[in-house]
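> Contents are compact mmCIF, C-alpha atoms; file name upload-v5.txt:
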```txt
# COMPACT_ATOMS: atom_id res chain seq x y z
CA MET A 240 71.08 64.76 17.20
CA SER A 241 72.69 68.05 16.21
CA ALA A 242 74.46 70.26 18.72
CA THR A 243 73.84 73.99 18.67
CA GLY A 244 76.36 75.26 21.19
CA LYS A 245 75.50 75.60 24.89
CA GLY A 246 71.85 76.20 24.09
CA SER A 247 69.96 73.06 23.15
CA VAL A 248 69.92 70.17 20.75
CA THR A 249 66.91 68.69 19.03
CA VAL A 250 66.40 64.96 19.28
CA THR A 251 64.02 63.39 16.80
CA LEU A 252 62.74 59.82 17.06
CA GLU A 253 62.69 58.17 13.65
CA GLY A 254 59.30 56.84 12.78
CA SER A 255 57.67 59.26 15.16
CA ASN A 256 56.63 62.88 15.02
CA LYS A 257 57.80 63.50 18.57
CA SER A 258 60.79 65.72 19.29
CA THR A 259 62.20 67.58 22.25
CA SER A 260 64.99 70.00 23.09
CA LEU A 261 67.63 68.90 25.56
CA PRO A 262 69.55 71.70 27.33
CA LEU A 263 73.33 71.39 27.10
CA LEU A 264 74.85 72.03 30.54
CA ALA A 265 78.45 73.03 31.18
CA GLY A 266 80.50 72.68 34.35
CA SER A 267 83.41 74.94 35.31
CA ILE A 268 85.73 72.44 33.61
CA GLY A 269 85.18 69.08 31.94
CA PRO A 270 82.83 67.82 29.23
CA ASP A 271 79.36 69.26 28.65
CA VAL A 272 76.31 67.14 29.48
CA PHE A 273 72.80 66.85 28.10
CA ASP A 274 70.00 67.39 30.61
CA ILE A 275 67.71 64.41 30.02
CA ARG A 276 65.40 64.83 32.99
CA LYS A 277 62.36 65.58 30.82
CA LEU A 278 63.11 62.93 28.23
CA TYR A 279 60.60 60.37 29.48
CA ASN A 280 57.78 62.84 30.04
CA GLU A 281 58.14 64.36 26.58
CA LEU A 282 59.20 61.35 24.50
CA GLY A 283 58.27 58.33 26.59
CA VAL A 284 61.77 56.83 26.52
CA PHE A 285 64.65 56.38 28.99
CA THR A 286 68.40 56.21 28.44
CA TYR A 287 70.29 52.93 28.94
CA ASP A 288 73.68 53.20 30.64
CA PRO A 289 74.81 50.11 32.62
CA GLY A 290 77.29 51.15 35.29
CA TYR A 291 76.39 54.82 34.70
CA GLY A 292 79.68 55.36 32.86
CA GLY A 293 78.13 58.00 30.63
CA THR A 294 75.68 59.55 33.08
CA ALA A 295 76.11 62.44 35.53
CA ALA A 296 73.96 61.57 38.54
CA CYS A 297 74.66 64.76 40.47
CA GLU A 298 76.27 68.18 40.43
CA SER A 299 79.34 68.47 42.65
CA LYS A 300 82.03 71.02 43.51
CA ILE A 301 84.32 68.64 45.40
CA THR A 302 86.53 66.57 43.10
CA TYR A 303 87.42 66.76 39.41
CA ILE A 304 89.15 64.05 37.37
CA ASP A 305 90.46 64.26 33.81
CA GLY A 306 91.36 60.67 33.08
CA ASP A 307 92.90 61.38 29.69
CA ALA A 308 95.26 64.05 31.04
CA GLY A 309 95.94 62.29 34.37
CA VAL A 310 94.52 65.14 36.48
CA LEU A 311 92.97 64.93 39.96
CA LEU A 312 91.78 68.09 41.73
CA TYR A 313 90.34 68.49 45.22
CA ARG A 314 88.26 71.68 45.21
CA GLY A 315 90.46 72.89 42.33
CA TYR A 316 93.80 72.11 43.98
CA PRO A 317 96.07 69.58 42.17
CA ILE A 318 96.58 66.40 44.15
CA GLU A 319 100.35 66.69 43.66
CA GLN A 320 100.45 70.02 45.52
CA LEU A 321 98.25 68.80 48.35
CA ALA A 322 100.22 65.57 48.83
CA GLU A 323 103.53 67.42 48.99
CA GLN A 324 102.59 70.61 50.84
CA SER A 325 99.46 69.89 52.87
CA ASP A 326 98.43 67.15 55.30
CA PHE A 327 95.36 64.98 55.73
CA VAL A 328 93.54 67.07 58.34
CA GLU A 329 93.89 70.21 56.24
CA VAL A 330 92.62 68.26 53.21
CA CYS A 331 89.65 67.13 55.32
CA TYR A 332 88.80 70.76 56.04
CA LEU A 333 89.17 71.62 52.34
CA LEU A 334 86.90 68.81 51.15
CA LEU A 335 84.25 69.58 53.75
CA ASN A 336 84.25 73.36 53.51
CA GLY A 337 85.43 74.19 50.01
CA GLU A 338 88.38 76.39 50.93
CA LEU A 339 91.75 75.97 52.61
CA PRO A 340 91.60 77.06 56.26
CA SER A 341 93.36 79.96 57.92
CA LYS A 342 95.84 79.09 60.64
CA ALA A 343 93.18 79.68 63.31
CA GLU A 344 90.53 77.73 61.42
CA LEU A 345 92.88 74.79 60.96
CA ALA A 346 93.79 74.74 64.65
CA GLU A 347 90.13 74.79 65.65
CA PHE A 348 89.24 72.06 63.14
CA GLU A 349 92.16 69.87 64.19
CA ARG A 350 91.15 70.21 67.83
CA GLY A 351 87.57 69.31 66.92
CA VAL A 352 88.75 66.10 65.23
CA THR A 353 91.08 65.26 68.13
CA LEU A 354 88.36 65.62 70.76
CA HIS A 355 86.14 63.11 68.95
CA THR A 356 88.66 60.27 68.51
CA MET A 357 87.48 58.41 71.64
CA LEU A 358 84.72 55.84 71.30
CA HIS A 359 81.82 55.37 73.68
CA GLU A 360 83.13 52.79 76.14
CA GLN A 361 80.19 50.45 75.52
CA ILE A 362 81.37 50.13 71.91
CA ARG A 363 84.40 48.29 73.30
CA SER A 364 82.06 45.47 74.35
CA PHE A 365 80.46 45.49 70.90
CA PHE A 366 83.68 44.04 69.44
CA ASN A 367 83.28 40.89 71.54
CA GLY A 368 80.30 39.90 69.43
CA PHE A 369 82.59 39.19 66.47
CA ARG A 370 84.61 36.05 65.95
CA ARG A 371 88.35 36.48 66.39
CA ASP A 372 88.95 35.52 62.77
CA ALA A 373 86.40 38.01 61.40
CA HIS A 374 87.69 40.15 58.55
CA PRO A 375 88.48 43.68 59.80
CA MET A 376 86.22 45.11 57.09
CA ALA A 377 83.28 43.13 58.49
CA ILE A 378 83.97 44.62 61.91
CA LEU A 379 84.43 48.13 60.53
CA CYS A 380 81.19 47.98 58.57
CA GLY A 381 79.23 46.68 61.57
CA VAL A 382 80.64 49.05 64.18
CA VAL A 383 80.37 52.19 62.02
CA GLY A 384 76.74 51.36 61.33
CA ALA A 385 76.21 50.86 65.08
CA LEU A 386 77.45 54.39 65.86
CA SER A 387 73.93 55.63 65.17
CA ALA A 388 72.83 53.68 68.26
CA PHE A 389 75.32 55.57 70.44
CA TYR A 390 75.23 59.14 69.15
CA HIS A 391 71.58 60.18 68.95
CA ASP A 392 72.44 63.87 69.06
CA SER A 393 73.82 63.93 65.51
CA LEU A 394 71.19 62.02 63.53
CA ASP A 395 69.00 64.90 62.34
CA ILE A 396 70.26 65.43 58.81
CA ASN A 397 68.27 68.66 58.48
CA ASP A 398 70.19 70.35 61.30
CA PRO A 399 73.47 71.91 60.07
CA GLU A 400 75.05 71.68 63.52
CA GLN A 401 74.22 67.98 63.82
CA ARG A 402 75.67 67.38 60.35
CA ARG A 403 78.86 69.17 61.47
CA ILE A 404 79.15 67.05 64.61
CA ALA A 405 78.48 63.85 62.67
CA ALA A 406 81.26 64.79 60.24
CA PHE A 407 83.71 65.31 63.09
CA ARG A 408 82.71 62.02 64.70
CA LEU A 409 83.11 59.96 61.56
CA ILE A 410 86.46 61.44 60.52
CA ALA A 411 87.79 61.06 64.09
CA LYS A 412 86.31 57.72 65.15
CA VAL A 413 86.72 55.56 62.03
CA PRO A 414 90.55 55.31 62.55
CA THR A 415 89.95 54.22 66.16
CA ILE A 416 87.43 51.59 65.06
CA ALA A 417 89.78 50.43 62.30
CA ALA A 418 92.73 50.09 64.67
CA TRP A 419 90.64 48.24 67.23
CA ALA A 420 89.35 45.87 64.55
CA TYR A 421 92.97 44.98 63.79
CA LYS A 422 93.94 44.61 67.45
CA TYR A 423 90.91 42.42 68.07
CA SER A 424 91.80 40.15 65.13
CA ILE A 425 95.33 39.50 66.48
CA GLY A 426 94.38 39.24 70.15
CA GLN A 427 96.19 42.36 71.34
CA PRO A 428 94.72 44.90 73.77
CA PHE A 429 93.00 47.95 72.36
CA VAL A 430 95.11 51.09 72.27
CA TYR A 431 93.26 54.30 73.09
CA PRO A 432 93.89 57.43 71.01
CA ARG A 433 96.24 60.13 72.25
CA ASN A 434 95.34 63.81 71.97
CA ASP A 435 98.99 64.85 71.71
CA LEU A 436 99.51 63.04 68.39
CA LYS A 437 98.74 64.18 64.87
CA TYR A 438 96.13 62.27 62.86
CA ALA A 439 98.44 59.89 60.97
CA ASP A 440 100.73 59.48 64.01
CA ASN A 441 97.75 58.61 66.18
CA PHE A 442 96.44 56.06 63.69
CA LEU A 443 99.80 54.29 63.46
CA TYR A 444 100.10 54.41 67.23
CA MET A 445 96.73 52.71 67.73
CA LEU A 446 97.64 50.12 65.10
CA GLN A 447 101.15 49.25 66.26
CA ALA A 448 101.67 50.21 69.91
CA VAL A 449 101.53 47.68 72.76
CA PRO A 450 101.30 48.52 76.48
CA SER A 451 104.56 46.73 77.29
CA GLU A 452 106.76 48.96 75.11
CA GLU A 453 107.27 52.64 74.47
CA TYR A 454 106.03 53.70 71.05
CA LYS A 455 108.11 56.13 69.03
CA VAL A 456 106.68 57.95 66.03
CA ASN A 457 108.72 57.46 62.87
CA PRO A 458 108.30 60.70 60.87
CA ILE A 459 109.03 59.00 57.51
CA LEU A 460 106.42 56.31 58.05
CA SER A 461 103.97 58.82 59.47
CA ARG A 462 104.37 61.05 56.43
CA ALA A 463 103.87 58.05 54.15
CA MET A 464 100.64 57.17 55.95
CA ASP A 465 99.48 60.78 55.74
CA ARG A 466 100.11 60.81 51.98
CA ILE A 467 98.21 57.56 51.52
CA LEU A 468 95.26 59.12 53.35
CA VAL A 469 95.44 62.32 51.26
CA LEU A 470 95.64 60.43 47.96
CA HIS A 471 92.61 58.29 48.80
CA ALA A 472 90.47 60.98 50.47
CA ASP A 473 88.06 61.36 47.55
CA HIS A 474 87.76 60.23 43.96
CA GLU A 475 84.59 61.67 42.49
CA GLN A 476 81.50 59.46 41.92
CA ASN A 477 83.05 56.00 42.31
CA ALA A 478 81.04 52.95 43.40
CA SER A 479 81.29 53.52 47.16
CA THR A 480 80.69 57.28 46.94
CA SER A 481 77.68 56.70 44.71
CA THR A 482 76.45 54.18 47.28
CA VAL A 483 76.77 56.77 50.06
CA ARG A 484 74.85 59.31 48.00
CA LEU A 485 72.16 56.80 47.05
CA ALA A 486 71.69 55.72 50.68
CA GLY A 487 71.76 59.35 51.80
CA SER A 488 69.11 60.34 49.26
CA THR A 489 66.59 58.33 51.29
CA GLY A 490 67.24 60.44 54.38
CA ALA A 491 69.23 57.73 56.15
CA ASN A 492 71.45 58.88 59.01
CA PRO A 493 75.13 59.63 58.20
CA PHE A 494 76.51 56.63 60.09
CA ALA A 495 74.31 54.24 58.11
CA CYS A 496 75.33 55.94 54.86
CA ILE A 497 79.06 55.62 55.59
CA ALA A 498 78.57 51.98 56.60
CA ALA A 499 76.97 51.43 53.19
CA GLY A 500 80.00 53.03 51.55
CA ILE A 501 82.31 50.75 53.50
CA ALA A 502 80.33 47.72 52.32
CA ALA A 503 80.67 48.85 48.69
CA LEU A 504 84.38 49.55 49.13
CA TRP A 505 84.94 45.99 50.36
CA GLY A 506 84.54 44.59 46.84
CA PRO A 507 87.82 43.42 45.27
CA SER A 508 87.13 45.47 42.14
CA HIS A 509 87.07 48.64 44.23
CA GLY A 510 88.88 48.85 47.55
CA GLY A 511 90.63 45.50 47.41
CA ALA A 512 92.89 46.29 44.46
CA ASN A 513 96.12 46.83 46.43
CA GLU A 514 95.57 43.56 48.27
CA ALA A 515 95.12 41.89 44.88
CA VAL A 516 98.50 43.29 43.77
CA LEU A 517 100.32 41.47 46.56
CA LYS A 518 98.36 38.31 45.91
CA MET A 519 99.43 38.49 42.26
CA LEU A 520 103.09 38.95 43.22
CA ASP A 521 102.86 36.02 45.65
CA GLU A 522 101.44 33.85 42.87
CA ILE A 523 104.25 34.86 40.50
CA GLY A 524 106.70 33.73 43.16
CA SER A 525 109.98 35.18 41.91
CA LYS A 526 111.44 37.68 39.47
CA GLU A 527 112.44 34.84 37.11
CA ASN A 528 108.78 33.85 36.65
CA ILE A 529 107.66 37.30 35.49
CA PRO A 530 108.22 36.77 31.70
CA ALA A 531 106.00 33.68 31.72
CA PHE A 532 103.36 35.55 33.71
CA ILE A 533 103.45 38.47 31.27
CA GLU A 534 102.88 36.10 28.37
CA LYS A 535 99.78 34.77 30.13
CA VAL A 536 98.54 38.32 30.63
CA LYS A 537 98.94 39.00 26.90
CA ASP A 538 97.00 35.82 26.05
CA LYS A 539 93.36 36.90 26.16
CA HIS A 540 92.26 33.30 26.52
CA SER A 541 94.32 32.63 29.67
CA GLY A 542 92.05 34.51 32.06
CA VAL A 543 95.10 35.91 33.87
CA LYS A 544 94.66 39.52 35.00
CA LEU A 545 97.31 42.14 35.66
CA MET A 546 96.54 43.83 38.99
CA GLY A 547 97.71 47.33 39.90
CA PHE A 548 98.07 48.52 36.32
CA GLY A 549 95.69 50.72 34.38
CA HIS A 550 92.57 52.40 35.75
CA ARG A 551 88.94 52.65 34.69
CA VAL A 552 89.09 56.46 34.82
CA TYR A 553 92.73 57.28 34.12
CA LYS A 554 93.72 56.61 30.52
CA ASN A 555 97.10 58.12 31.26
CA PHE A 556 99.41 57.81 34.25
CA ASP A 557 97.51 57.88 37.56
CA PRO A 558 98.73 61.16 39.15
CA ARG A 559 98.55 59.54 42.59
CA ALA A 560 100.88 56.76 41.45
CA LYS A 561 103.77 59.16 40.82
CA ILE A 562 103.55 60.37 44.43
CA MET A 563 103.24 56.84 45.78
CA GLN A 564 106.22 55.72 43.72
CA ALA A 565 108.47 58.30 45.42
CA THR A 566 106.94 57.53 48.82
CA CYS A 567 107.53 53.82 48.27
CA HIS A 568 111.27 54.35 47.83
CA GLU A 569 111.37 56.66 50.89
CA VAL A 570 109.73 54.04 53.10
CA LEU A 571 111.83 51.14 51.84
CA GLY A 572 114.97 53.22 52.30
CA GLU A 573 113.97 54.17 55.84
CA LEU A 574 113.28 50.56 56.75
CA GLY A 575 116.50 49.35 55.12
CA ILE A 576 114.66 47.01 52.76
CA LYS A 577 117.04 46.51 49.86
CA ASP A 578 116.98 42.81 49.08
CA SER A 579 113.33 41.97 49.01
CA PRO A 580 111.99 39.40 46.50
CA LEU A 581 108.65 41.19 46.60
CA LEU A 582 110.27 44.54 45.86
CA ASP A 583 112.40 43.03 43.11
CA MET A 584 109.31 41.63 41.43
CA ALA A 585 107.42 44.89 41.80
CA MET A 586 110.22 46.95 40.30
CA GLU A 587 110.61 44.53 37.41
CA MET A 588 106.88 44.63 36.76
CA GLU A 589 107.06 48.40 36.78
CA ARG A 590 109.99 48.40 34.32
CA ILE A 591 108.15 46.13 31.91
CA ALA A 592 104.94 48.13 32.10
CA LEU A 593 106.78 51.34 31.25
CA SER A 594 108.76 49.87 28.35
CA ASP A 595 106.79 47.00 26.77
CA ASP A 596 104.71 48.23 23.84
CA TYR A 597 101.84 45.91 24.85
CA PHE A 598 101.37 47.89 28.08
CA VAL A 599 102.39 51.31 26.79
CA SER A 600 100.03 51.16 23.80
CA ARG A 601 97.18 50.17 26.11
CA LYS A 602 98.21 52.78 28.70
CA LEU A 603 98.50 50.13 31.40
CA TYR A 604 100.65 52.23 33.72
CA PRO A 605 101.16 51.37 37.41
CA ASN A 606 98.36 52.89 39.46
CA VAL A 607 98.18 54.02 43.08
CA ASP A 608 97.21 50.54 44.29
CA PHE A 609 100.40 49.04 42.88
CA TYR A 610 102.63 51.13 45.14
CA SER A 611 100.41 51.53 48.20
CA GLY A 612 100.24 47.78 48.76
CA ILE A 613 104.04 47.51 48.76
CA ILE A 614 104.34 50.44 51.18
CA LEU A 615 101.80 49.06 53.62
CA LYS A 616 103.33 45.60 53.60
CA ALA A 617 106.77 47.10 54.24
CA MET A 618 105.30 48.99 57.22
CA GLY A 619 104.12 45.72 58.72
CA ILE A 620 100.41 46.20 58.00
CA PRO A 621 98.73 42.93 56.96
CA THR A 622 96.87 42.69 53.68
CA SER A 623 93.55 42.17 55.48
CA MET A 624 93.86 45.77 56.69
CA PHE A 625 94.56 47.38 53.31
CA THR A 626 90.92 48.03 52.43
CA VAL A 627 90.28 49.19 56.00
CA LEU A 628 92.94 51.87 55.58
CA PHE A 629 91.30 52.86 52.31
CA ALA A 630 88.03 53.31 54.22
CA VAL A 631 89.74 55.45 56.85
CA ALA A 632 91.00 57.78 54.12
CA ARG A 633 87.80 57.81 52.08
CA THR A 634 85.52 58.57 55.05
CA VAL A 635 86.07 62.32 54.67
CA GLY A 636 85.24 62.11 50.96
CA TRP A 637 82.06 60.19 51.69
CA VAL A 638 81.04 62.64 54.40
CA SER A 639 81.78 65.62 52.13
CA GLN A 640 79.76 64.14 49.28
CA TRP A 641 76.91 63.23 51.65
CA LYS A 642 76.91 66.74 53.15
CA GLU A 643 76.91 68.35 49.69
CA MET A 644 74.00 66.18 48.59
CA ILE A 645 71.93 66.95 51.71
CA GLU A 646 72.52 70.68 51.23
CA ASP A 647 71.56 70.57 47.53
CA PRO A 648 67.97 71.89 47.21
CA GLY A 649 67.55 69.96 43.96
CA GLN A 650 68.51 66.55 45.33
CA ARG A 651 65.96 63.76 44.98
CA ILE A 652 65.80 60.18 46.18
CA GLY A 653 67.86 57.97 43.87
CA ARG A 654 65.72 55.81 41.60
CA PRO A 655 67.49 54.32 38.53
CA ARG A 656 65.29 52.86 35.79
CA GLN A 657 65.64 49.57 33.92
CA ILE A 658 64.98 47.76 30.68
CA TYR A 659 62.63 44.97 31.61
CA THR A 660 63.45 41.73 29.74
CA GLY A 661 61.38 39.27 31.76
CA ALA A 662 58.12 37.53 30.85
CA ALA A 663 55.26 39.66 29.54
CA THR A 664 51.84 39.57 31.25
CA ARG A 665 50.60 35.99 31.72
CA ASP A 666 47.81 34.33 33.66
CA TYR A 667 48.28 32.32 36.81
CA LYS A 668 47.59 28.58 36.56
CA ALA A 669 46.70 26.37 39.48
CA VAL A 670 49.42 23.92 40.46
CA ASP A 671 47.41 20.95 39.12
CA ALA A 672 47.25 22.57 35.68
CA ARG A 673 50.99 23.31 35.31
```
Would you put the structure from the file into structure tokens?

Amino acid sequence: MSATGKGSVTVTLEGSNKSTSLPLLAGSIGPDVFDIRKLYNELGVFTYDPGYGGTAACESKITYIDGDAGVLLYRGYPIEQLAEQSDFVEVCYLLLNGELPSKAELAEFERGVTLHTMLHEQIRSFFNGFRRDAHPMAILCGVVGALSAFYHDSLDINDPEQRRIAAFRLIAKVPTIAAWAYKYSIGQPFVYPRNDLKYADNFLYMLQAVPSEEYKVNPILSRAMDRILVLHADHEQNASTSTVRLAGSTGANPFACIAAGIAALWGPSHGGANEAVLKMLDEIGSKENIPAFIEKVKDKHSGVKLMGFGHRVYKNFDPRAKIMQATCHEVLGELGIKDSPLLDMAMEMERIALSDDYFVSRKLYPNVDFYSGIILKAMGIPTSMFTVLFAVARTVGWVSQWKEMIEDPGQRIGRPRQIYTGAATRDYKAVDAR
């Protein structure tokens, strides 16, 4: 294979006279890619790429990641700028529409989200079908999928207006469903959304308010929640986003596609990472036990894993982690948490990871999950809700990716290939002859 610039390369199969030219495609930034769509027709072979780590399955204008440089862009805007200067609703508009809104556009969009936060009242009864000890993610997945049974006027994926309404409904209603899943699991009454509250304020209100007491919005905690939502809003073609796109490629309705994304996010290797961080710290027990734990991590035969450090994509510092680190200290300071064994362990783990050559040489820096779990626990949110909050944030990314795919004239139904390694053709034998 010899590259000849952005034109084409010639691939020759050894032992065969067949050859073909593969166009070399370039994005606006990032590595070039070979277009292999005609490879099978012209050469009779496929590519083999388990996990699709070296394969571009789509063209997208939404999110860009440079893992080596520690860069994350939403529609070209650095995540650091958006987390510090924007808010989640504005980021939702950006991801969906491609540009930052004007003041009037933002007000109209925010009102559109606010007016869709209520759930159909019959959905309230739907919760009673779950056991009280059901995991909130199980409830979220089931109820979001059931939205298609309640909102028939936004199921036509070929109608731009119905796609717009479906986007509003999902971004607005998933926080309400998530909060109600939590309330249901602890036996507290459901708290209805309030139109006078901002998005993050309203979500915290539905999670934490009770009818017997007045609820006061804490601006520090609200800002922390908003940042968490912004930082998790989209992350390119990860497992759950790819699941949404694959489901959407069949023509499935948007509510079913987002439910599929929620199911994929539930896996501990994806959305459950921050919960795994706290579990790891609980297992360590105290700051004094950290050196022994670190030695187990370094022993490749121990099977002990270090959670919250390193990232499959980022080979440098996770840019979201720097923001979460500062937010973590803001929240703990606001709540007056100074002498916390959990915090002591976390800070010591962070110190070791940033100074020990074993971690530095392997670029095992603290990632966003390391800090977000500590923040959420400090805010009184149970670990069972961590992945649910992730889903609330990621819904807008899923919807944006789904919308982009539907509007792409070149999109096709997803159909990965395989290398078959089973039995070759063989004849059936009657049971008496086996």
> Hey, what's within 8 Å of range 608-621 of chain A if we count only C-alpha atoms and toss same-chain stuff fewer than 4 positions away? As JSON, numbers by chain, please?
{"A": [460, 467, 512, 513, 514, 516, 517, 546, 547, 548, 560, 563, 564, 566, 567, 570, 571, 574, 582, 625]}
> May I ask which of the residues A:Leu379, A:Gly500, A:Arg403, A:Phe442 is the closest one to Gln476 in chain A, counting only C-alpha atoms?
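Using only C-alpha atoms, Gln476 in chain A sits closest to A:Gly500.
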> Box time for range 273-280 of chain A: axis-aligned, enclosing all its listed atoms, 8 Å extra on each side; report centre and edge lengths in Å to one decimal, as AutoDock Vina command-line options.

```
--center_x 65.3 --center_y 63.9 --center_z 30.5 --size_x 31.0 --size_y 23.0 --size_z 20.9
```
> Mind listing as a PyMOL selection string all residues within 10 Å of (99.7, 50.4, 28.1), counting all atoms listed in the file?
chain A and resi 548-549+554-556+592-605
> Do you have the CA of Glu522 in chain A-CA of Glu587 in chain A distance handy?
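CA of Glu522 in chain A sits 15.1 Å away from CA of Glu587 in chain A.
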> Taking 6 positions as the minimum chain separation for residues in the same chain, which residues sit within 10 Å of Ala295 in chain A when counting only C-alpha atoms? Answer as a PDB file with C-alpha atoms, in the frame of the given file.

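Full text of selection11.pdb as output:
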```pdb
ATOM      1  CA  VAL A 272      76.310  67.140  29.480  1.00  0.00           C
ATOM      2  CA  PHE A 273      72.800  66.850  28.100  1.00  0.00           C
ATOM      3  CA  ASP A 274      70.000  67.390  30.610  1.00  0.00           C
ATOM      4  CA  GLN A 476      81.500  59.460  41.920  1.00  0.00           C
TER       5      GLN A 476
END
```
> As a CSV table (one decimal) with C-alpha atoms, in the frame of the given file, please: the residues near Glu534 in chain A (cut-off 12 Å, only C-alpha atoms, same-chain neighbours under 6 positions excluded).

```
chain,number,residue,atom,x,y,z
A,528,ASN,CA,108.8,33.8,36.6
A,540,HIS,CA,92.3,33.3,26.5
A,541,SER,CA,94.3,32.6,29.7
A,542,GLY,CA,92.0,34.5,32.1
A,543,VAL,CA,95.1,35.9,33.9
A,544,LYS,CA,94.7,39.5,35.0
A,545,LEU,CA,97.3,42.1,35.7
A,591,ILE,CA,108.2,46.1,31.9
A,595,ASP,CA,106.8,47.0,26.8
A,597,TYR,CA,101.8,45.9,24.8
A,598,PHE,CA,101.4,47.9,28.1
```
> Smallest atom-to-atom distance to Glu319 in chain A: which of A:Arg370, A:Lys577, A:Arg466, A:Arg408, using all atoms listed in the file?
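Answer, going by the shortest atom-to-atom distance: A:Arg466.
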> Give the answer as one residue: which of A:Asn457, A:Thr480, A:Asn434, A:Asn492 has the shortest atom-to-atom distance to Asp392 in chain A, using all atoms listed in the file?
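Using all atoms listed in the file, the shortest distance to Asp392 in chain A belongs to A:Asn492.
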> Rank A:Thr664, A:Tyr390, A:Gln657, A:Ile523 by their smallest atom-to-atom distance to Val284 in chain A, using all atoms listed in the file, and report the top residue only.
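Result for the nearest residue to Val284 in chain A: A:Gln657.
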> Where atoms are absent from range 526-542 of chain A, fill them in so it carries N, CA and C atoms, then output it as a compact mmCIF listing (two decimals), in the coordinates of the input.

```txt
# COMPACT_ATOMS: atom_id res chain seq x y z
N LYS A 526 111.18 36.80 40.60
CA LYS A 526 111.44 37.68 39.47
C LYS A 526 111.61 36.87 38.18
N GLU A 527 112.19 35.67 38.28
CA GLU A 527 112.44 34.84 37.11
C GLU A 527 111.15 34.37 36.44
N ASN A 528 110.05 34.34 37.20
CA ASN A 528 108.78 33.85 36.65
C ASN A 528 107.96 34.94 35.96
N ILE A 529 108.43 36.18 36.02
CA ILE A 529 107.66 37.30 35.49
C ILE A 529 107.44 37.18 33.97
N PRO A 530 108.46 36.87 33.15
CA PRO A 530 108.22 36.77 31.70
C PRO A 530 107.10 35.80 31.34
N ALA A 531 107.07 34.65 32.01
CA ALA A 531 106.00 33.68 31.72
C ALA A 531 104.65 34.23 32.13
N PHE A 532 104.62 34.96 33.25
CA PHE A 532 103.36 35.55 33.71
C PHE A 532 102.88 36.61 32.72
N ILE A 533 103.80 37.42 32.23
CA ILE A 533 103.45 38.47 31.27
C ILE A 533 102.86 37.88 30.00
N GLU A 534 103.42 36.76 29.56
CA GLU A 534 102.88 36.10 28.37
C GLU A 534 101.45 35.64 28.60
N LYS A 535 101.16 35.18 29.81
CA LYS A 535 99.78 34.77 30.13
C LYS A 535 98.85 35.98 30.12
N VAL A 536 99.35 37.10 30.62
CA VAL A 536 98.54 38.32 30.63
C VAL A 536 98.19 38.73 29.20
N LYS A 537 99.15 38.60 28.29
CA LYS A 537 98.94 39.00 26.90
C LYS A 537 98.01 38.04 26.16
N ASP A 538 97.88 36.82 26.67
CA ASP A 538 97.00 35.82 26.05
C ASP A 538 95.58 36.04 26.56
N LYS A 539 94.71 36.56 25.71
CA LYS A 539 93.36 36.90 26.16
C LYS A 539 92.52 35.68 26.54
N HIS A 540 93.00 34.51 26.19
CA HIS A 540 92.26 33.30 26.52
C HIS A 540 92.71 32.69 27.85
N SER A 541 93.77 33.23 28.45
CA SER A 541 94.32 32.63 29.67
C SER A 541 93.50 32.96 30.92
N GLY A 542 92.82 34.09 30.89
CA GLY A 542 92.05 34.51 32.06
C GLY A 542 92.90 35.14 33.15
```
